[in-house]
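The next block is structure16.cif, given as mmCIF, C-alpha atoms.
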data_run
#
loop_
_atom_site.group_PDB
_atom_site.id
_atom_site.type_symbol
_atom_site.label_atom_id
_atom_site.label_comp_id
_atom_site.auth_asym_id
_atom_site.auth_seq_id
_atom_site.Cartn_x
_atom_site.Cartn_y
_atom_site.Cartn_z
ATOM 1 C CA MET A 1 72.419 119.908 109.179
ATOM 2 C CA SER A 2 72.147 116.123 108.890
ATOM 3 C CA GLU A 3 69.555 113.408 108.399
ATOM 4 C CA ASN A 4 69.312 109.740 107.515
ATOM 5 C CA LEU A 5 69.581 109.451 103.756
ATOM 6 C CA ASN A 6 68.701 106.599 101.454
ATOM 7 C CA THR A 7 70.994 104.744 99.101
ATOM 8 C CA ASP A 8 71.898 106.386 95.816
ATOM 9 C CA THR A 9 69.681 105.046 93.042
ATOM 10 C CA SER A 10 70.608 107.642 90.428
ATOM 11 C CA ALA A 11 71.303 106.712 86.825
ATOM 12 C CA GLY A 12 75.004 107.192 87.472
ATOM 13 C CA ASN A 13 74.903 104.220 89.808
ATOM 14 C CA LEU A 14 74.481 101.963 86.763
ATOM 15 C CA PHE A 15 78.246 102.370 86.310
ATOM 16 C CA ASN A 16 78.763 101.126 89.885
ATOM 17 C CA PRO A 17 80.981 104.034 90.923
ATOM 18 C CA VAL A 18 82.714 103.819 94.265
ATOM 19 C CA ILE A 19 82.563 107.613 94.509
ATOM 20 C CA ASN A 20 79.976 109.823 92.863
ATOM 21 C CA VAL A 21 80.385 113.584 93.258
ATOM 22 C CA SER A 22 77.644 115.755 91.786
ATOM 23 C CA SER A 23 77.388 119.561 91.617
ATOM 24 C CA VAL A 24 79.592 120.153 94.665
ATOM 25 C CA SER A 25 80.472 123.746 95.563
ATOM 26 C CA LYS A 26 82.580 125.085 98.411
ATOM 27 C CA SER A 27 83.268 128.663 99.458
ATOM 28 C CA TYR A 28 85.259 130.388 102.146
ATOM 29 C CA GLY A 29 83.331 133.602 102.623
ATOM 30 C CA ASN A 30 83.251 135.291 99.223
ATOM 31 C CA LEU A 31 85.972 133.026 97.812
ATOM 32 C CA GLU A 32 84.448 130.215 95.742
ATOM 33 C CA VAL A 33 86.984 127.368 95.810
ATOM 34 C CA LEU A 34 84.927 124.576 94.211
ATOM 35 C CA LYS A 35 82.414 125.434 91.493
ATOM 36 C CA ASN A 36 79.766 122.842 90.659
ATOM 37 C CA ILE A 37 82.196 119.890 90.621
ATOM 38 C CA SER A 38 80.984 116.525 89.288
ATOM 39 C CA PHE A 39 82.915 113.307 88.651
ATOM 40 C CA MET A 40 82.885 109.575 89.381
ATOM 41 C CA VAL A 41 85.523 107.030 90.326
ATOM 42 C CA ASN A 42 84.909 103.381 89.531
ATOM 43 C CA ARG A 43 86.194 100.431 91.520
ATOM 44 C CA GLY A 44 89.806 99.573 90.680
ATOM 45 C CA GLU A 45 90.305 102.839 88.804
ATOM 46 C CA VAL A 46 93.171 105.278 89.346
ATOM 47 C CA VAL A 47 92.197 108.897 88.764
ATOM 48 C CA ALA A 48 94.821 111.647 88.784
ATOM 49 C CA ILE A 49 93.827 115.260 89.372
ATOM 50 C CA ILE A 50 96.227 117.843 88.008
ATOM 51 C CA GLY A 51 96.156 121.610 87.824
ATOM 52 C CA PRO A 52 97.819 124.760 89.090
ATOM 53 C CA SER A 53 98.281 125.493 92.784
ATOM 54 C CA GLY A 54 95.190 127.072 94.297
ATOM 55 C CA SER A 55 92.799 125.484 91.810
ATOM 56 C CA GLY A 56 90.891 123.562 94.512
ATOM 57 C CA LYS A 57 92.399 120.086 94.161
ATOM 58 C CA SER A 58 93.290 119.534 97.818
ATOM 59 C CA THR A 59 90.058 121.128 99.013
ATOM 60 C CA LEU A 60 88.102 118.657 96.891
ATOM 61 C CA LEU A 61 89.866 115.679 98.500
ATOM 62 C CA ARG A 62 89.293 117.144 101.958
ATOM 63 C CA CYS A 63 85.588 117.588 101.239
ATOM 64 C CA ILE A 64 85.189 113.993 100.078
ATOM 65 C CA ASN A 65 87.048 112.811 103.184
ATOM 66 C CA ARG A 66 84.856 114.935 105.478
ATOM 67 C CA LEU A 67 87.768 117.109 106.565
ATOM 68 C CA GLU A 68 85.915 120.090 105.098
ATOM 69 C CA THR A 69 82.192 120.680 104.655
ATOM 70 C CA VAL A 70 80.663 121.625 101.321
ATOM 71 C CA ASN A 71 78.083 124.342 100.737
ATOM 72 C CA SER A 72 76.009 122.424 98.217
ATOM 73 C CA GLY A 73 75.925 119.303 96.118
ATOM 74 C CA THR A 74 75.894 115.534 96.535
ATOM 75 C CA ILE A 75 78.611 113.012 97.437
ATOM 76 C CA SER A 76 77.905 109.291 97.621
ATOM 77 C CA PHE A 77 80.167 106.351 98.370
ATOM 78 C CA THR A 78 79.232 102.903 96.979
ATOM 79 C CA GLY A 79 75.677 104.170 96.636
ATOM 80 C CA LYS A 80 75.354 105.547 100.167
ATOM 81 C CA TYR A 81 75.049 109.280 100.597
ATOM 82 C CA LEU A 82 77.569 111.277 102.593
ATOM 83 C CA ILE A 83 75.693 114.427 101.583
ATOM 84 C CA LYS A 84 72.668 114.835 99.351
ATOM 85 C CA ASP A 85 71.633 118.195 97.902
ATOM 86 C CA GLY A 86 73.658 119.984 100.565
ATOM 87 C CA VAL A 87 72.263 117.980 103.499
ATOM 88 C CA TYR A 88 74.709 115.739 105.354
ATOM 89 C CA ALA A 89 73.817 112.230 106.460
ATOM 90 C CA ALA A 90 73.516 111.363 110.126
ATOM 91 C CA PRO A 91 76.865 111.307 112.011
ATOM 92 C CA ASP A 92 76.986 107.502 112.206
ATOM 93 C CA ILE A 93 76.565 107.229 108.429
ATOM 94 C CA GLN A 94 79.240 109.858 107.855
ATOM 95 C CA ARG A 95 81.611 107.948 110.137
ATOM 96 C CA GLU A 96 80.859 104.639 108.415
ATOM 97 C CA ILE A 97 81.664 106.148 105.011
ATOM 98 C CA SER A 98 84.815 107.883 106.256
ATOM 99 C CA LEU A 99 86.200 104.607 107.626
ATOM 100 C CA ARG A 100 86.043 103.130 104.137
ATOM 101 C CA MET A 101 88.318 105.842 102.733
ATOM 102 C CA GLY A 102 92.004 106.435 103.418
ATOM 103 C CA MET A 103 93.927 109.678 103.055
ATOM 104 C CA VAL A 104 97.667 110.210 102.592
ATOM 105 C CA PHE A 105 98.714 113.800 103.224
ATOM 106 C CA GLN A 106 101.601 115.699 101.663
ATOM 107 C CA ASN A 107 103.136 116.446 105.077
ATOM 108 C CA PHE A 108 102.844 112.892 106.461
ATOM 109 C CA ASN A 109 100.840 113.809 109.627
ATOM 110 C CA LEU A 110 102.459 111.100 111.735
ATOM 111 C CA PHE A 111 102.259 111.270 115.521
ATOM 112 C CA PRO A 112 105.789 112.372 116.498
ATOM 113 C CA HIS A 113 105.608 110.807 119.979
ATOM 114 C CA PHE A 114 104.522 107.389 118.661
ATOM 115 C CA SER A 115 106.819 104.745 117.246
ATOM 116 C CA VAL A 116 106.326 103.652 113.649
ATOM 117 C CA GLU A 117 104.503 100.555 114.869
ATOM 118 C CA ARG A 118 102.157 102.530 117.101
ATOM 119 C CA ASN A 119 101.459 105.052 114.347
ATOM 120 C CA ILE A 120 100.139 102.141 112.302
ATOM 121 C CA THR A 121 98.385 100.208 115.087
ATOM 122 C CA GLU A 122 96.724 103.020 117.038
ATOM 123 C CA ALA A 123 93.715 103.530 114.776
ATOM 124 C CA GLN A 124 93.353 99.801 114.196
ATOM 125 C CA VAL A 125 92.933 99.257 117.942
ATOM 126 C CA CYS A 126 91.027 102.428 118.859
ATOM 127 C CA VAL A 127 88.805 102.799 115.799
ATOM 128 C CA LEU A 128 88.442 99.309 114.317
ATOM 129 C CA LYS A 129 88.685 97.650 117.757
ATOM 130 C CA ARG A 130 91.208 95.090 116.557
ATOM 131 C CA LYS A 131 93.181 93.110 119.070
ATOM 132 C CA LYS A 132 96.624 94.593 119.630
ATOM 133 C CA GLU A 133 98.425 91.494 118.380
ATOM 134 C CA THR A 134 96.343 91.429 115.194
ATOM 135 C CA ALA A 135 97.106 95.123 114.647
ATOM 136 C CA ARG A 136 100.825 94.499 115.185
ATOM 137 C CA GLN A 137 100.803 91.672 112.655
ATOM 138 C CA ARG A 138 99.062 93.911 110.136
ATOM 139 C CA ALA A 139 101.617 96.659 110.770
ATOM 140 C CA ALA A 140 104.521 94.271 110.296
ATOM 141 C CA LEU A 141 103.149 93.008 106.989
ATOM 142 C CA LEU A 142 102.601 96.533 105.681
ATOM 143 C CA LEU A 143 106.042 97.713 106.759
ATOM 144 C CA GLU A 144 107.557 94.753 104.943
ATOM 145 C CA LYS A 145 105.580 95.770 101.857
ATOM 146 C CA MET A 146 106.946 99.314 102.201
ATOM 147 C CA GLY A 147 110.526 98.083 102.665
ATOM 148 C CA LEU A 148 110.618 99.423 106.219
ATOM 149 C CA SER A 149 110.611 96.331 108.434
ATOM 150 C CA ASP A 150 113.780 97.527 110.156
ATOM 151 C CA LYS A 151 112.095 100.809 111.152
ATOM 152 C CA ILE A 152 109.223 99.326 113.167
ATOM 153 C CA ASN A 153 110.556 100.652 116.488
ATOM 154 C CA SER A 154 111.848 103.967 115.141
ATOM 155 C CA TYR A 155 110.203 107.349 115.658
ATOM 156 C CA PRO A 156 109.275 109.763 112.874
ATOM 157 C CA PHE A 157 112.176 112.126 113.620
ATOM 158 C CA GLU A 158 114.570 109.248 112.932
ATOM 159 C CA LEU A 159 113.200 108.720 109.407
ATOM 160 C CA SER A 160 113.767 110.475 106.102
ATOM 161 C CA GLY A 161 110.845 112.246 104.487
ATOM 162 C CA GLY A 162 110.390 109.393 102.036
ATOM 163 C CA GLN A 163 110.346 106.857 104.857
ATOM 164 C CA GLN A 164 107.812 108.919 106.790
ATOM 165 C CA GLN A 165 105.572 109.069 103.747
ATOM 166 C CA ARG A 166 105.770 105.302 103.305
ATOM 167 C CA VAL A 167 104.778 104.895 106.957
ATOM 168 C CA SER A 168 101.807 107.189 106.366
ATOM 169 C CA ILE A 169 100.761 105.047 103.396
ATOM 170 C CA ALA A 170 101.053 101.926 105.564
ATOM 171 C CA ARG A 171 98.952 103.630 108.251
ATOM 172 C CA ALA A 172 96.213 104.409 105.720
ATOM 173 C CA LEU A 173 96.270 100.874 104.307
ATOM 174 C CA ALA A 174 96.100 99.360 107.800
ATOM 175 C CA LEU A 175 92.447 100.393 108.040
ATOM 176 C CA ASP A 176 91.621 98.442 104.857
ATOM 177 C CA PRO A 177 90.117 101.349 102.901
ATOM 178 C CA GLU A 178 88.206 100.772 99.698
ATOM 179 C CA VAL A 179 89.592 103.991 98.215
ATOM 180 C CA LEU A 180 92.926 105.672 98.896
ATOM 181 C CA PHE A 181 93.370 109.411 98.365
ATOM 182 C CA PHE A 182 96.792 110.997 97.890
ATOM 183 C CA ASP A 183 97.224 114.744 98.285
ATOM 184 C CA GLU A 184 100.499 115.641 96.556
ATOM 185 C CA PRO A 185 102.306 112.673 98.163
ATOM 186 C CA THR A 186 105.750 113.735 96.894
ATOM 187 C CA SER A 187 105.568 117.533 97.171
ATOM 188 C CA ALA A 188 107.315 117.677 100.569
ATOM 189 C CA LEU A 189 110.148 115.380 99.465
ATOM 190 C CA ASP A 190 113.548 115.970 97.942
ATOM 191 C CA PRO A 191 113.566 114.803 94.310
ATOM 192 C CA GLU A 192 115.797 111.804 95.072
ATOM 193 C CA LEU A 193 113.213 110.495 97.570
ATOM 194 C CA THR A 194 110.238 110.800 95.241
ATOM 195 C CA GLY A 195 110.956 107.560 93.382
ATOM 196 C CA ASP A 196 110.316 105.326 96.396
ATOM 197 C CA ILE A 197 106.845 106.775 96.903
ATOM 198 C CA LEU A 198 105.954 106.527 93.240
ATOM 199 C CA ARG A 199 107.062 102.874 93.205
ATOM 200 C CA VAL A 200 104.736 102.144 96.136
ATOM 201 C CA ILE A 201 101.803 103.792 94.369
ATOM 202 C CA ARG A 202 102.601 101.909 91.148
ATOM 203 C CA GLY A 203 102.459 98.689 93.155
ATOM 204 C CA LEU A 204 99.060 99.587 94.593
ATOM 205 C CA ALA A 205 97.777 100.422 91.112
ATOM 206 C CA ALA A 206 98.957 97.006 89.904
ATOM 207 C CA GLU A 207 96.893 95.479 92.729
ATOM 208 C CA LYS A 208 93.838 97.396 91.439
ATOM 209 C CA MET A 209 93.555 99.622 94.481
ATOM 210 C CA THR A 210 91.028 102.364 93.795
ATOM 211 C CA MET A 211 92.922 105.648 94.085
ATOM 212 C CA VAL A 212 92.470 109.368 93.572
ATOM 213 C CA ILE A 213 95.811 111.155 93.313
ATOM 214 C CA VAL A 214 96.394 114.897 93.319
ATOM 215 C CA THR A 215 99.837 115.328 91.802
ATOM 216 C CA HIS A 216 102.198 117.576 89.872
ATOM 217 C CA GLU A 217 104.187 114.506 88.730
ATOM 218 C CA ILE A 218 102.846 114.528 85.177
ATOM 219 C CA PRO A 219 104.911 111.606 83.758
ATOM 220 C CA PHE A 220 103.836 109.544 86.762
ATOM 221 C CA ALA A 221 100.167 110.485 86.265
ATOM 222 C CA ARG A 222 100.437 109.485 82.617
ATOM 223 C CA GLU A 223 101.922 106.121 83.546
ATOM 224 C CA VAL A 224 99.794 105.068 86.497
ATOM 225 C CA ALA A 225 96.395 106.745 86.057
ATOM 226 C CA ASP A 226 93.483 105.449 84.042
ATOM 227 C CA ARG A 227 92.010 108.935 83.755
ATOM 228 C CA VAL A 228 93.298 112.444 84.331
ATOM 229 C CA LEU A 229 91.144 115.396 85.348
ATOM 230 C CA PHE A 230 92.526 118.904 84.783
ATOM 231 C CA MET A 231 91.307 121.423 87.343
ATOM 232 C CA ASP A 232 91.556 125.186 87.083
ATOM 233 C CA SER A 233 89.938 127.918 89.207
ATOM 234 C CA GLY A 234 87.682 125.491 91.066
ATOM 235 C CA SER A 235 86.339 123.584 88.058
ATOM 236 C CA PHE A 236 87.218 120.548 85.984
ATOM 237 C CA ILE A 237 87.769 121.920 82.492
ATOM 238 C CA GLU A 238 89.127 118.831 80.727
ATOM 239 C CA GLU A 239 89.292 115.123 81.406
ATOM 240 C CA GLY A 240 90.180 111.994 79.510
ATOM 241 C CA PRO A 241 92.363 108.879 79.371
ATOM 242 C CA ALA A 242 95.697 109.716 80.967
ATOM 243 C CA ALA A 243 97.957 109.344 77.942
ATOM 244 C CA SER A 244 95.484 111.057 75.631
ATOM 245 C CA LEU A 245 94.942 114.118 77.815
ATOM 246 C CA ILE A 246 98.615 114.585 78.691
ATOM 247 C CA ASP A 247 99.989 113.969 75.196
ATOM 248 C CA ASN A 248 97.223 115.676 73.228
ATOM 249 C CA PRO A 249 95.152 118.025 75.379
ATOM 250 C CA ARG A 250 92.237 119.632 73.571
ATOM 251 C CA LEU A 251 92.075 122.955 75.391
ATOM 252 C CA GLU A 252 94.641 125.718 75.199
ATOM 253 C CA ARG A 253 94.508 126.193 78.970
ATOM 254 C CA THR A 254 95.474 122.550 79.541
ATOM 255 C CA LYS A 255 98.233 122.790 76.925
ATOM 256 C CA ALA A 256 99.654 125.924 78.574
ATOM 257 C CA PHE A 257 99.694 124.281 82.014
ATOM 258 C CA LEU A 258 101.413 121.113 80.801
ATOM 259 C CA THR A 259 103.918 123.079 78.752
ATOM 260 C CA LYS A 260 104.837 125.274 81.708
ATOM 261 C CA LEU A 261 105.139 122.314 84.058
ATOM 262 C CA SER A 262 107.374 120.378 81.675
ATOM 263 C CA GLY A 263 109.564 123.406 81.001
ATOM 264 C CA ARG A 264 108.969 123.215 77.283
ATOM 265 C CA SER A 265 108.940 126.451 75.327
#

Starting from the file, give its structure as structure tokens.
Amino acid sequence: MSENLNTDTSAGNLFNPVINVSSVSKSYGNLEVLKNISFMVNRGEVVAIIGPSGSGKSTLLRCINRLETVNSGTISFTGKYLIKDGVYAAPDIQREISLRMGMVFQNFNLFPHFSVERNITEAQVCVLKRKKETARQRAALLLEKMGLSDKINSYPFELSGGQQQRVSIARALALDPEVLFFDEPTSALDPELTGDILRVIRGLAAEKMTMVIVTHEIPFAREVADRVLFMDSGSFIEEGPAASLIDNPRLERTKAFLTKLSGRS
């Protein structure tokens, strides 16, 4: 179901959030994956979402990015509704909102039959209708930023996992998103390749890129995030400033998760 929806004028908008999620629930049959989720992300903020596998973190990102539909709730982006009280906006509004968000997946999702350059230019030309030369220039600049200028004519199979992930970040940035979402960006990488990706994300944070990062890299979340949300069994059960929540969690469930992840007894 969809309809044209008005701009968000709720009290929460006084904080000028880029993303406002309110009372969102998602089920697969009888399995309730997201349970009445609410949170906001402000412009220039980095929010890290942590929690055990299967807690709903990736599903939440996919719902915000319109890769999954929700059963109920409200999601707005810079005051414009993607869904309000379980009713989706008209398709053109959904598309407009989606184009302002970028997603980096844990398994890269590059087109294997496209060169690195074409992986980055294809959506610019086909979706944003940029001229090919403009798209190529944008790709070259982003690859330089990623330290991959020499890989512009390579194909994904010729790249390491870390290089592929940096290409996927460049591809997302090429569309000039206002918010960048990362779904476990280092989980598919060997440990020695993780550092390159984390350095790229640190650089984006320094540039005040608005980001939502699902991660198991707790020291990284503590360093780069402004806030951390701890998710368990489809709900946010604790949130706070990154260093405060990670160093001194209030709830025993959060403490147990962090202790287990760090290997402390």

Selection result of the PyMOL selection byres ((chain A and resi 225-239) around 7) on this file, as a PyMOL selection string: chain A and resi 33-35+37+45-52+55-56+221-224+240-242+245

Nearest residue to Leu142 in chain A from the set A:Lys129, A:Arg118, A:Lys26, A:Arg171 (distances using only C-alpha atoms): A:Arg171

Å distance separating CA of Asn30 in chain A from CA of Lys57 in chain A, one decimal place: 18.5 Å

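Taking CA of Thr134 in chain A and CA of Thr121 in chain A as endpoints, the distance between them is 9.0 Å.
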
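The nearest approach to Phe182 in chain A among the residues A:Asn153, A:Val214, A:Asp85, A:Ala170, with all atoms listed in the file taken into account, belongs to A:Val214.
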
Pick from A:Asp196, A:Glu217, A:Glu117, A:Glu122 nearest to Asp183 in chain A, counting only C-alpha atoms: A:Glu217

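Every residue that the PyMOL selection byres ((chain A and resi 181) around 6) selects in this file is listed here: Met103, Leu180, Phe182, Met211, Val212 and Ile213 of chain A.
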
Selection near Asn65 in chain A, 9 Å with only C-alpha atoms, sequence-local residues under 4 positions removed, as a compact mmCIF listing (two decimals) with C-alpha atoms, in the frame of the given file:
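Saved to selection_19.txt:
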# COMPACT_ATOMS: atom_id res chain seq x y z
CA LEU A 60 88.10 118.66 96.89
CA LEU A 61 89.87 115.68 98.50
CA ILE A 97 81.66 106.15 105.01
CA SER A 98 84.82 107.88 106.26
CA MET A 101 88.32 105.84 102.73
CA GLY A 102 92.00 106.44 103.42
CA MET A 103 93.93 109.68 103.06
CA PHE A 181 93.37 109.41 98.36

Sphere at (99.9, 98.8, 111.2), radius 6 Å, counting only C-alpha atoms: residues as a list of chain:residue names: A:Ile120, A:Thr121, A:Ala135, A:Arg136, A:Arg138, A:Ala139, A:Arg171, A:Ala174

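The shortest atom-to-atom distance to His113 in chain A, with only C-alpha atoms taken into account, belongs to A:Ser154 out of A:Ser154, A:Thr74, A:Ser149, A:Thr254.
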
Please, could N, CA, C and O atoms be added to range 209-227 of chain A and the result written as an mmCIF file, keeping the file's coordinate frame?
data_model
loop_
_atom_site.group_PDB
_atom_site.id
_atom_site.type_symbol
_atom_site.label_atom_id
_atom_site.label_comp_id
_atom_site.auth_asym_id
_atom_site.auth_seq_id
_atom_site.Cartn_x
_atom_site.Cartn_y
_atom_site.Cartn_z
ATOM 1 N N MET A 209 94.048 98.766 93.415
ATOM 2 C CA MET A 209 93.555 99.622 94.481
ATOM 3 C C MET A 209 92.897 100.847 93.855
ATOM 4 O O MET A 209 93.481 101.477 92.974
ATOM 5 N N THR A 210 91.697 101.158 94.278
ATOM 6 C CA THR A 210 91.028 102.364 93.795
ATOM 7 C C THR A 210 91.713 103.574 94.417
ATOM 8 O O THR A 210 91.834 103.672 95.636
ATOM 9 N N MET A 211 92.168 104.508 93.574
ATOM 10 C CA MET A 211 92.922 105.648 94.085
ATOM 11 C C MET A 211 92.549 106.931 93.360
ATOM 12 O O MET A 211 92.236 106.924 92.170
ATOM 13 N N VAL A 212 92.586 108.021 94.121
ATOM 14 C CA VAL A 212 92.470 109.368 93.572
ATOM 15 C C VAL A 212 93.728 110.110 94.005
ATOM 16 O O VAL A 212 94.000 110.234 95.202
ATOM 17 N N ILE A 213 94.491 110.591 93.028
ATOM 18 C CA ILE A 213 95.811 111.155 93.313
ATOM 19 C C ILE A 213 95.895 112.576 92.792
ATOM 20 O O ILE A 213 95.793 112.813 91.582
ATOM 21 N N VAL A 214 96.065 113.527 93.706
ATOM 22 C CA VAL A 214 96.394 114.897 93.319
ATOM 23 C C VAL A 214 97.909 114.975 93.192
ATOM 24 O O VAL A 214 98.636 114.654 94.130
ATOM 25 N N THR A 215 98.389 115.370 92.030
ATOM 26 C CA THR A 215 99.837 115.328 91.802
ATOM 27 C C THR A 215 100.282 116.356 90.769
ATOM 28 O O THR A 215 99.512 116.754 89.888
ATOM 29 N N HIS A 216 101.534 116.789 90.905
ATOM 30 C CA HIS A 216 102.198 117.576 89.872
ATOM 31 C C HIS A 216 103.190 116.714 89.084
ATOM 32 O O HIS A 216 103.877 117.218 88.185
ATOM 33 N N GLU A 217 103.280 115.426 89.424
ATOM 34 C CA GLU A 217 104.187 114.506 88.730
ATOM 35 C C GLU A 217 103.498 114.017 87.454
ATOM 36 O O GLU A 217 102.896 112.942 87.417
ATOM 37 N N ILE A 218 103.603 114.806 86.394
ATOM 38 C CA ILE A 218 102.846 114.528 85.177
ATOM 39 C C ILE A 218 103.254 113.212 84.504
ATOM 40 O O ILE A 218 102.381 112.420 84.115
ATOM 41 N N PRO A 219 104.558 112.909 84.344
ATOM 42 C CA PRO A 219 104.911 111.606 83.758
ATOM 43 C C PRO A 219 104.364 110.440 84.575
ATOM 44 O O PRO A 219 103.924 109.427 84.013
ATOM 45 N N PHE A 220 104.381 110.583 85.899
ATOM 46 C CA PHE A 220 103.836 109.544 86.762
ATOM 47 C C PHE A 220 102.331 109.409 86.551
ATOM 48 O O PHE A 220 101.800 108.291 86.434
ATOM 49 N N ALA A 221 101.609 110.530 86.496
ATOM 50 C CA ALA A 221 100.167 110.485 86.265
ATOM 51 C C ALA A 221 99.858 109.801 84.941
ATOM 52 O O ALA A 221 98.914 109.004 84.844
ATOM 53 N N ARG A 222 100.647 110.103 83.927
ATOM 54 C CA ARG A 222 100.437 109.485 82.617
ATOM 55 C C ARG A 222 100.619 107.979 82.677
ATOM 56 O O ARG A 222 99.883 107.220 82.045
ATOM 57 N N GLU A 223 101.592 107.540 83.475
ATOM 58 C CA GLU A 223 101.922 106.121 83.546
ATOM 59 C C GLU A 223 100.920 105.324 84.375
ATOM 60 O O GLU A 223 100.503 104.228 83.990
ATOM 61 N N VAL A 224 100.512 105.876 85.521
ATOM 62 C CA VAL A 224 99.794 105.068 86.497
ATOM 63 C C VAL A 224 98.286 105.268 86.461
ATOM 64 O O VAL A 224 97.528 104.379 86.848
ATOM 65 N N ALA A 225 97.824 106.440 85.990
ATOM 66 C CA ALA A 225 96.395 106.745 86.057
ATOM 67 C C ALA A 225 95.637 106.169 84.876
ATOM 68 O O ALA A 225 96.160 106.056 83.765
ATOM 69 N N ASP A 226 94.388 105.813 85.127
ATOM 70 C CA ASP A 226 93.483 105.449 84.042
ATOM 71 C C ASP A 226 92.905 106.701 83.401
ATOM 72 O O ASP A 226 92.776 106.784 82.178
ATOM 73 N N ARG A 227 92.545 107.666 84.242
ATOM 74 C CA ARG A 227 92.010 108.935 83.755
ATOM 75 C C ARG A 227 92.716 110.087 84.445
ATOM 76 O O ARG A 227 93.174 109.951 85.579
#
